[in-house]
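Scroll down for the structure; my scribbles are underneath it.
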Protein chains: 2
Amino acid sequence: MAPKGKTKAAASRKKTPAVEAPASAAPRLTRKGEETRERIVSAAAGLIFERGVAGTSIEDVKDAAGVSSSQLYHYFADKQALVHAVIAHQSNAVIIAQEPLLGKLDSIDALRAWRDQAVAIEIQLQCKGGCPIGTLAGELAEADPDARADIAAGFARWEEQIALGISAMHDRGELPADVDPDRLALALLAAHQGGLILTQVRRDPAPIEAALDAMIDHVAELRAAA
Amino acid sequence: MAPKGKTKAAASRKKTPAVEAPASAAPRLTRKGEETRERIVSAAAGLIFERGVAGTSIEDVKDAAGVSSSQLYHYFADKQALVHAVIAHQSNAVIIAQEPLLGKLDSIDALRAWRDQAVAIEIQLQCKGGCPIGTLAGELAEADPDARADIAAGFARWEEQIALGISAMHDRGELPADVDPDRLALALLAAHQGGLILTQVRRDPAPIEAALDAMIDHVAELRAAA
DNA sequence: TCGTTTCTGGATTGTCAAATCCAAAATGGG
DNA sequence: CCCATTTTGGATTTGACAATCCAGAAACGA
């Protein structure tokens, strides 16, 4: 009934490659081209964050980035390709936004500070927008298989960062030997995501606070039991 | 255009009204009309579940439900109105799908059974689709304020059902007096949602398992400490 | 039964956004 | 400095899809 932690030795730390390079053809870009491309992706990311993929037209992106049709289609085959670029962009942005805490979640205090940061961000955004990748997930997971895979990769990188700290605690013997650090990290990420969705729809920071507090309390309890 | 009738149920356990009745004008429906309307909503809900709102055209819905344009627009003012009906429909469906467990989560065993059910459902769906309301949240929260409110109401009903069981445990003295049952219920719902999103993008039941297991373990620890 | 309301068929319209195209300007390597 | 390559402008095409309209059939209440 109680499928408790699996004793799956936290062997080597797996490495997820930072998705950024377009695997296919290489239309080498000039410095100027690079800038234009980046401007387009940034504008698209911003608009999509506040209006969703379906709610932002190519024309909106063109206007916001100050580029013409031919420019946009010079850098991206179609809207889908642009969306893929936005996924990669936001996957990086999410990680960066949590620095320098994210990679060092190896104590209860660090986890609490991380929680506080997440809550502060939501309050600053007035609980609007939700998670930059989480919302993309909801919108694209079933509509675009490639996008789903990219988003999964983005989450994997995030999860990995969290697992870094939890594993450190585990290695130090601060957590019971039979708890799986990766699994615990996954649960923390899930609590974060779920809390974020609920605060987004409720426009209220309480859910993410409650979710992260509960999950971190759980980690603290495990630590006390070690 | 003024939906009135606020019933102040100020009892200890707040009651969220089951959103179903169209608040505005009442174009009374015949038995046949009721059936047609229901057929449209069901078809739309199914398509939206597997393809998203943006990925589902009115024509798709017409074909799936076997109705004509005039039928569809006879029952719904526009696509947005249909989507609102789908939100109400799915809010009910989600609750029903978790019966008879959902309202009686007043023990660790009950919580574990609920977790097992959630996992079983995901496996059966091959981890596709995610949460019927959660995905709508991601897609509509920023695009449609009214939809956001409706989705929040759907989540509120869900949360309330969970809180019923947790509060029962609390009232029985099985949980420490200083824990807030509603807050704990919120955390459980968040874990469920977050786990579901990750399960959906990864096409892997592990996240929802890890998230719910961790959160339920937390409840068990609180119970042991009471 | 009759008259009113509700329900249905299906062609049509209008809008908007994605994507294409033809050149023209800038850029950079050799 | 020259030429291939990259970058840009912007009008245009194409297509999809939401929404409307005009009847006409069925159901309902009295």
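Residues in the structure tokens are named by chain (A, B, ... in the order shown) and by number from 1 within that chain; ligands are numbered from 1 in the order shown.
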
- prompt: Contacts of B:Ala168 at 6 Å or less, counting only C-alpha atoms (C1' of nucleotides), minus same-chain residues fewer than 3 places along, as a PyMOL selection string?
  reply: chain B and resi 106+165+171

- prompt: What are the residues of chain B that have an atom within 8 Å of an atom of chain C, counting only C-alpha atoms (C1' of nucleotides), as a PyMOL selection string?
  reply: chain B and resi 29-30+33+68+70-71

Write a file of the just-selected residues containing N, CA and C atoms, as a JSON list (two decimals), in the first residue's frame.
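What follows is the written file result-v2.json:
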[["chain", "number", "residue", "atom", "x", "y", "z"],
["B", 29, "LEU", "N", -34.77, 25.33, -22.38],
["B", 29, "LEU", "CA", -34.47, 24.29, -23.33],
["B", 29, "LEU", "C", -35.44, 23.12, -23.25],
["B", 30, "THR", "N", -35.73, 22.61, -24.41],
["B", 30, "THR", "CA", -36.54, 21.41, -24.52],
["B", 30, "THR", "C", -35.69, 20.21, -24.13],
["B", 33, "GLY", "N", -33.43, 19.70, -26.84],
["B", 33, "GLY", "CA", -32.43, 20.75, -26.86],
["B", 33, "GLY", "C", -31.35, 20.50, -25.82],
["B", 68, "SER", "N", -25.06, 21.08, -36.77],
["B", 68, "SER", "CA", -24.80, 22.11, -37.77],
["B", 68, "SER", "C", -24.40, 23.42, -37.07],
["B", 70, "SER", "N", -25.84, 26.28, -37.15],
["B", 70, "SER", "CA", -26.95, 26.97, -36.50],
["B", 70, "SER", "C", -27.30, 26.31, -35.17],
["B", 71, "GLN", "N", -27.11, 25.01, -35.09],
["B", 71, "GLN", "CA", -27.37, 24.35, -33.82],
["B", 71, "GLN", "C", -26.38, 24.85, -32.78]]

- request: Select residues of chain A: the criterion is any atom within 8 Å of an atom of chain B, counting only C-alpha atoms; output as an NGL selection string.
  value: :A and (1-4 or 50-52 or 54-55 or 128-129 or 134-143 or 148-149 or 151-152 or 183-184 or 186-195 or 197-198 or 200-202 or 207-208 or 210-212 or 214-215 or 217-218 or 221)

task: Return the neighbours of chain D among the residues of chain A, cut-off 12 Å, counting only C-alpha atoms (C1' of nucleotides), as a ChimeraX atom specification.
output: /A:27-37,66-75

Since we have the selection now, will you write its residues out, keeping N, CA and C atoms, as a PDB file, in the first residue's frame?
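Listing of selection09.pdb after writing:
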ATOM      1  N   PRO A  27      22.361  27.723 -40.845  1.00  0.00           N
ATOM      2  CA  PRO A  27      22.417  28.946 -41.630  1.00  0.00           C
ATOM      3  C   PRO A  27      23.218  29.957 -40.829  1.00  0.00           C
ATOM      4  N   ARG A  28      24.475  30.000 -41.032  1.00  0.00           N
ATOM      5  CA  ARG A  28      25.340  30.816 -40.175  1.00  0.00           C
ATOM      6  C   ARG A  28      24.892  32.274 -40.158  1.00  0.00           C
ATOM      7  N   LEU A  29      24.895  32.794 -38.943  1.00  0.00           N
ATOM      8  CA  LEU A  29      24.358  34.140 -38.751  1.00  0.00           C
ATOM      9  C   LEU A  29      25.447  35.179 -38.526  1.00  0.00           C
ATOM     10  N   THR A  30      25.188  36.331 -39.077  1.00  0.00           N
ATOM     11  CA  THR A  30      26.056  37.482 -38.860  1.00  0.00           C
ATOM     12  C   THR A  30      25.799  38.014 -37.457  1.00  0.00           C
ATOM     13  N   ARG A  31      26.680  38.870 -36.989  1.00  0.00           N
ATOM     14  CA  ARG A  31      26.447  39.500 -35.682  1.00  0.00           C
ATOM     15  C   ARG A  31      25.087  40.181 -35.662  1.00  0.00           C
ATOM     16  N   LYS A  32      24.832  40.940 -36.688  1.00  0.00           N
ATOM     17  CA  LYS A  32      23.564  41.659 -36.808  1.00  0.00           C
ATOM     18  C   LYS A  32      22.382  40.682 -36.838  1.00  0.00           C
ATOM     19  N   GLY A  33      22.590  39.626 -37.610  1.00  0.00           N
ATOM     20  CA  GLY A  33      21.537  38.628 -37.712  1.00  0.00           C
ATOM     21  C   GLY A  33      21.237  38.010 -36.356  1.00  0.00           C
ATOM     22  N   GLU A  34      22.290  37.739 -35.623  1.00  0.00           N
ATOM     23  CA  GLU A  34      22.147  37.158 -34.294  1.00  0.00           C
ATOM     24  C   GLU A  34      21.310  38.066 -33.399  1.00  0.00           C
ATOM     25  N   GLU A  35      21.589  39.341 -33.496  1.00  0.00           N
ATOM     26  CA  GLU A  35      20.855  40.309 -32.681  1.00  0.00           C
ATOM     27  C   GLU A  35      19.380  40.356 -33.061  1.00  0.00           C
ATOM     28  N   THR A  36      19.139  40.391 -34.350  1.00  0.00           N
ATOM     29  CA  THR A  36      17.756  40.434 -34.814  1.00  0.00           C
ATOM     30  C   THR A  36      17.007  39.194 -34.361  1.00  0.00           C
ATOM     31  N   ARG A  37      17.642  38.059 -34.530  1.00  0.00           N
ATOM     32  CA  ARG A  37      17.020  36.811 -34.121  1.00  0.00           C
ATOM     33  C   ARG A  37      16.677  36.847 -32.642  1.00  0.00           C
ATOM     34  N   GLY A  66       9.873  44.925 -33.933  1.00  0.00           N
ATOM     35  CA  GLY A  66      10.231  45.909 -34.939  1.00  0.00           C
ATOM     36  C   GLY A  66      10.911  45.298 -36.147  1.00  0.00           C
ATOM     37  N   VAL A  67      10.338  44.218 -36.637  1.00  0.00           N
ATOM     38  CA  VAL A  67      10.912  43.559 -37.813  1.00  0.00           C
ATOM     39  C   VAL A  67       9.813  43.313 -38.849  1.00  0.00           C
ATOM     40  N   SER A  68      10.248  42.983 -40.044  1.00  0.00           N
ATOM     41  CA  SER A  68       9.293  42.723 -41.119  1.00  0.00           C
ATOM     42  C   SER A  68       9.051  41.219 -41.275  1.00  0.00           C
ATOM     43  N   SER A  69       8.066  40.906 -42.082  1.00  0.00           N
ATOM     44  CA  SER A  69       7.746  39.495 -42.325  1.00  0.00           C
ATOM     45  C   SER A  69       8.961  38.720 -42.804  1.00  0.00           C
ATOM     46  N   SER A  70       9.618  39.292 -43.788  1.00  0.00           N
ATOM     47  CA  SER A  70      10.734  38.557 -44.383  1.00  0.00           C
ATOM     48  C   SER A  70      11.846  38.324 -43.370  1.00  0.00           C
ATOM     49  N   GLN A  71      11.996  39.267 -42.466  1.00  0.00           N
ATOM     50  CA  GLN A  71      13.007  39.067 -41.430  1.00  0.00           C
ATOM     51  C   GLN A  71      12.634  37.876 -40.556  1.00  0.00           C
ATOM     52  N   LEU A  72      11.380  37.911 -40.096  1.00  0.00           N
ATOM     53  CA  LEU A  72      10.948  36.841 -39.210  1.00  0.00           C
ATOM     54  C   LEU A  72      11.064  35.473 -39.882  1.00  0.00           C
ATOM     55  N   TYR A  73      10.595  35.415 -41.125  1.00  0.00           N
ATOM     56  CA  TYR A  73      10.635  34.120 -41.804  1.00  0.00           C
ATOM     57  C   TYR A  73      12.027  33.782 -42.340  1.00  0.00           C
ATOM     58  N   HIS A  74      12.906  34.735 -42.265  1.00  0.00           N
ATOM     59  CA  HIS A  74      14.287  34.440 -42.615  1.00  0.00           C
ATOM     60  C   HIS A  74      14.951  33.633 -41.488  1.00  0.00           C
ATOM     61  N   TYR A  75      14.561  33.939 -40.265  1.00  0.00           N
ATOM     62  CA  TYR A  75      15.179  33.277 -39.118  1.00  0.00           C
ATOM     63  C   TYR A  75      14.400  32.069 -38.611  1.00  0.00           C
TER      64      TYR A  75
END

Output the coordinates of chain B after least-squares fitting to chain A on all in-order C-alpha pairs, as a tab-separated table (two decimals) with C-alpha atoms, in the first residue's frame.
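File written: part_28.tsv
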chain	number	residue	atom	x	y	z
B	1	MET	CA	16.56	13.14	-38.87
B	2	ALA	CA	18.12	10.92	-36.26
B	3	PRO	CA	19.46	12.78	-33.24
B	4	LYS	CA	21.90	10.38	-31.70
B	5	GLY	CA	24.48	10.45	-28.99
B	6	LYS	CA	23.10	9.05	-25.77
B	7	THR	CA	25.68	9.49	-23.10
B	8	LYS	CA	25.01	6.97	-20.41
B	9	ALA	CA	25.92	8.91	-17.31
B	10	ALA	CA	25.02	6.19	-14.89
B	11	ALA	CA	26.50	7.97	-11.93
B	12	SER	CA	24.63	8.32	-8.70
B	13	ARG	CA	23.41	11.77	-9.67
B	14	LYS	CA	21.86	11.65	-13.08
B	15	LYS	CA	22.52	14.50	-15.42
B	16	THR	CA	19.87	15.98	-17.66
B	17	PRO	CA	21.40	17.52	-20.77
B	18	ALA	CA	20.79	21.23	-21.04
B	19	VAL	CA	18.31	21.36	-23.88
B	20	GLU	CA	19.45	24.11	-26.17
B	21	ALA	CA	21.02	22.79	-29.34
B	22	PRO	CA	18.56	22.11	-32.16
B	23	ALA	CA	18.88	18.38	-32.53
B	24	SER	CA	18.08	18.26	-36.23
B	25	ALA	CA	19.73	19.91	-39.22
B	26	ALA	CA	22.38	22.52	-38.55
B	27	PRO	CA	21.78	25.71	-40.53
B	28	ARG	CA	24.86	27.40	-39.23
B	29	LEU	CA	24.17	30.89	-38.04
B	30	THR	CA	26.15	34.05	-38.39
B	31	ARG	CA	26.76	36.23	-35.38
B	32	LYS	CA	24.07	38.56	-36.66
B	33	GLY	CA	21.78	35.67	-37.35
B	34	GLU	CA	22.28	34.40	-33.85
B	35	GLU	CA	21.27	37.76	-32.47
B	36	THR	CA	18.18	38.01	-34.62
B	37	ARG	CA	17.13	34.53	-33.68
B	38	GLU	CA	17.60	35.31	-30.02
B	39	ARG	CA	15.63	38.53	-30.37
B	40	ILE	CA	12.73	36.60	-31.87
B	41	VAL	CA	12.76	33.95	-29.16
B	42	SER	CA	12.96	36.53	-26.39
B	43	ALA	CA	10.10	38.54	-27.81
B	44	ALA	CA	8.02	35.42	-28.28
B	45	ALA	CA	8.78	34.23	-24.78
B	46	GLY	CA	7.72	37.54	-23.31
B	47	LEU	CA	4.49	37.71	-25.24
B	48	ILE	CA	3.63	34.10	-24.58
B	49	PHE	CA	4.31	34.59	-20.90
B	50	GLU	CA	1.77	37.36	-20.67
B	51	ARG	CA	-0.76	36.21	-23.25
B	52	GLY	CA	-0.32	32.49	-23.75
B	53	VAL	CA	0.59	30.60	-26.90
B	54	ALA	CA	-2.84	30.83	-28.49
B	55	GLY	CA	-3.04	34.51	-27.61
B	56	THR	CA	0.20	35.33	-29.34
B	57	SER	CA	0.20	35.58	-33.13
B	58	ILE	CA	3.24	35.39	-35.35
B	59	GLU	CA	2.52	38.95	-36.32
B	60	ASP	CA	2.68	40.02	-32.70
B	61	VAL	CA	6.06	38.38	-32.42
B	62	LYS	CA	7.26	40.02	-35.62
B	63	ASP	CA	6.27	43.44	-34.38
B	64	ALA	CA	7.73	42.95	-30.92
B	65	ALA	CA	11.01	41.66	-32.26
B	66	GLY	CA	11.12	44.10	-35.15
B	67	VAL	CA	11.59	41.49	-37.82
B	68	SER	CA	9.89	40.56	-41.06
B	69	SER	CA	8.07	37.40	-42.03
B	70	SER	CA	10.96	36.08	-44.00
B	71	GLN	CA	13.28	36.59	-41.08
B	72	LEU	CA	11.06	34.71	-38.73
B	73	TYR	CA	10.50	31.84	-41.12
B	74	HIS	CA	14.18	31.81	-41.95
B	75	TYR	CA	14.96	30.79	-38.39
B	76	PHE	CA	11.89	28.74	-37.56
B	77	ALA	CA	10.05	26.31	-39.76
B	78	ASP	CA	6.69	27.23	-38.30
B	79	LYS	CA	5.01	28.49	-35.18
B	80	GLN	CA	5.43	25.16	-33.48
B	81	ALA	CA	9.19	25.28	-33.94
B	82	LEU	CA	9.23	28.75	-32.42
B	83	VAL	CA	7.22	27.53	-29.46
B	84	HIS	CA	9.69	24.72	-28.94
B	85	ALA	CA	12.50	27.27	-28.88
B	86	VAL	CA	10.54	29.29	-26.35
B	87	ILE	CA	10.19	26.23	-24.13
B	88	ALA	CA	13.96	25.72	-24.17
B	89	HIS	CA	14.48	29.41	-23.51
B	90	GLN	CA	12.11	29.49	-20.55
B	91	SER	CA	13.50	26.28	-19.13
B	92	ASN	CA	16.82	28.02	-18.83
B	93	ALA	CA	15.31	31.28	-17.64
B	94	VAL	CA	13.50	29.60	-14.79
B	95	ILE	CA	16.67	28.01	-13.49
B	96	ILE	CA	18.66	31.21	-13.86
B	97	ALA	CA	16.01	33.25	-12.09
B	98	GLN	CA	16.45	31.11	-9.01
B	99	GLU	CA	20.23	31.35	-8.88
B	100	PRO	CA	22.27	31.30	-6.82
B	101	LEU	CA	19.94	29.63	-4.32
B	102	LEU	CA	18.47	26.79	-6.34
B	103	GLY	CA	21.47	24.50	-6.49
B	104	LYS	CA	22.26	24.76	-2.80
B	105	LEU	CA	19.04	23.91	-1.02
B	106	ASP	CA	20.84	21.82	1.57
B	107	SER	CA	19.49	23.35	4.75
B	108	ILE	CA	16.20	24.53	6.16
B	109	ASP	CA	17.46	28.09	6.09
B	110	ALA	CA	18.35	27.77	2.43
B	111	LEU	CA	14.93	26.39	1.67
B	112	ARG	CA	13.28	29.27	3.49
B	113	ALA	CA	15.36	31.78	1.59
B	114	TRP	CA	14.37	30.09	-1.64
B	115	ARG	CA	10.73	30.30	-0.61
B	116	ASP	CA	11.12	33.98	0.20
B	117	GLN	CA	12.62	34.59	-3.20
B	118	ALA	CA	9.77	32.84	-4.96
B	119	VAL	CA	7.23	34.86	-3.03
B	120	ALA	CA	9.10	38.09	-3.70
B	121	ILE	CA	9.10	37.39	-7.42
B	122	GLU	CA	5.36	36.83	-7.44
B	123	ILE	CA	4.71	40.00	-5.53
B	124	GLN	CA	6.89	41.90	-7.93
B	125	LEU	CA	4.93	40.47	-10.86
B	126	GLN	CA	1.66	41.20	-9.09
B	127	CYS	CA	0.99	37.48	-9.19
B	128	LYS	CA	0.64	37.63	-12.95
B	129	GLY	CA	1.94	35.08	-15.41
B	130	GLY	CA	2.51	32.14	-13.15
B	131	CYS	CA	5.34	29.76	-13.90
B	132	PRO	CA	6.91	30.29	-17.34
B	133	ILE	CA	7.02	26.56	-17.98
B	134	GLY	CA	4.07	25.52	-15.88
B	135	THR	CA	1.64	27.57	-17.91
B	136	LEU	CA	3.12	26.20	-21.12
B	137	ALA	CA	2.54	22.76	-19.69
B	138	GLY	CA	-1.12	23.44	-19.16
B	139	GLU	CA	-1.57	24.78	-22.63
B	140	LEU	CA	0.55	22.35	-24.63
B	141	ALA	CA	0.70	19.06	-22.74
B	142	GLU	CA	-2.23	17.56	-24.62
B	143	ALA	CA	-1.94	19.56	-27.81
B	144	ASP	CA	1.67	18.91	-28.71
B	145	PRO	CA	3.42	15.69	-27.66
B	146	ASP	CA	6.87	17.00	-28.51
B	147	ALA	CA	6.29	20.13	-26.49
B	148	ARG	CA	5.14	17.98	-23.61
B	149	ALA	CA	8.40	16.05	-23.68
B	150	ASP	CA	10.45	19.25	-23.81
B	151	ILE	CA	8.56	20.70	-20.88
B	152	ALA	CA	9.07	17.50	-18.95
B	153	ALA	CA	12.78	17.83	-19.62
B	154	GLY	CA	12.71	21.39	-18.33
B	155	PHE	CA	11.01	20.28	-15.15
B	156	ALA	CA	13.51	17.45	-14.80
B	157	ARG	CA	16.40	19.88	-14.74
B	158	TRP	CA	14.66	21.97	-12.13
B	159	GLU	CA	13.83	18.95	-10.03
B	160	GLU	CA	17.40	17.80	-10.28
B	161	GLN	CA	18.69	21.07	-8.89
B	162	ILE	CA	16.39	20.79	-5.90
B	163	ALA	CA	17.36	17.16	-5.38
B	164	LEU	CA	20.99	18.21	-5.24
B	165	GLY	CA	20.45	20.03	-1.97
B	166	ILE	CA	18.08	17.53	-0.43
B	167	SER	CA	20.43	14.70	-1.26
B	168	ALA	CA	23.27	16.58	0.39
B	169	MET	CA	21.25	16.81	3.58
B	170	HIS	CA	20.40	13.16	3.28
B	171	ASP	CA	23.98	12.14	2.71
B	172	ARG	CA	25.01	14.09	5.78
B	173	GLY	CA	22.56	12.06	7.80
B	174	GLU	CA	20.32	15.04	8.49
B	175	LEU	CA	17.33	13.24	7.07
B	176	PRO	CA	16.06	9.77	7.99
B	177	ALA	CA	17.69	7.04	5.92
B	178	ASP	CA	14.36	5.75	4.69
B	179	VAL	CA	13.29	8.97	3.00
B	180	ASP	CA	13.86	9.20	-0.73
B	181	PRO	CA	15.55	12.55	-1.47
B	182	ASP	CA	14.46	12.58	-5.08
B	183	ARG	CA	10.88	11.98	-4.11
B	184	LEU	CA	11.03	14.76	-1.56
B	185	ALA	CA	12.49	17.10	-4.15
B	186	LEU	CA	9.65	16.17	-6.47
B	187	ALA	CA	7.16	17.03	-3.76
B	188	LEU	CA	8.81	20.39	-3.24
B	189	LEU	CA	8.63	21.15	-6.92
B	190	ALA	CA	4.99	20.11	-6.99
B	191	ALA	CA	4.20	22.37	-4.06
B	192	HIS	CA	5.92	25.21	-5.87
B	193	GLN	CA	3.96	24.61	-9.06
B	194	GLY	CA	0.63	24.16	-7.38
B	195	GLY	CA	1.15	27.18	-5.22
B	196	LEU	CA	2.06	29.19	-8.26
B	197	ILE	CA	-1.05	28.23	-10.19
B	198	LEU	CA	-3.31	29.14	-7.33
B	199	THR	CA	-1.42	32.34	-6.73
B	200	GLN	CA	-1.84	33.20	-10.37
B	201	VAL	CA	-5.58	32.61	-10.54
B	202	ARG	CA	-6.22	34.27	-7.20
B	203	ARG	CA	-3.80	37.12	-7.77
B	204	ASP	CA	-2.69	36.54	-4.21
B	205	PRO	CA	0.68	35.33	-2.90
B	206	ALA	CA	-0.93	33.34	-0.07
B	207	PRO	CA	-1.13	30.01	-1.91
B	208	ILE	CA	2.52	29.77	-2.83
B	209	GLU	CA	3.44	30.88	0.67
B	210	ALA	CA	1.22	28.28	2.27
B	211	ALA	CA	2.32	25.50	-0.06
B	212	LEU	CA	6.04	26.08	0.30
B	213	ASP	CA	5.85	26.75	4.03
B	214	ALA	CA	3.99	23.52	4.62
B	215	MET	CA	6.34	21.47	2.49
B	216	ILE	CA	9.45	23.01	4.04
B	217	ASP	CA	8.00	22.49	7.49
B	218	HIS	CA	7.66	18.87	6.52
B	219	VAL	CA	11.34	18.73	5.61
B	220	ALA	CA	12.18	20.37	8.92
B	221	GLU	CA	10.15	17.77	10.76
B	222	LEU	CA	11.94	14.99	8.92
B	223	ARG	CA	15.22	16.60	9.82
B	224	ALA	CA	14.28	16.78	13.49
B	225	ALA	CA	13.35	13.13	13.42
B	226	ALA	CA	16.62	11.99	11.89

query: Can you list, as a PyMOL selection string, every residue of stretch 10-214 of chain B that DSSP puts in alpha helix (DSSP H)?
result: chain B and resi 31-51+58-65+69-75+79-97+108-124+134-140+145-171+181-202+206-214
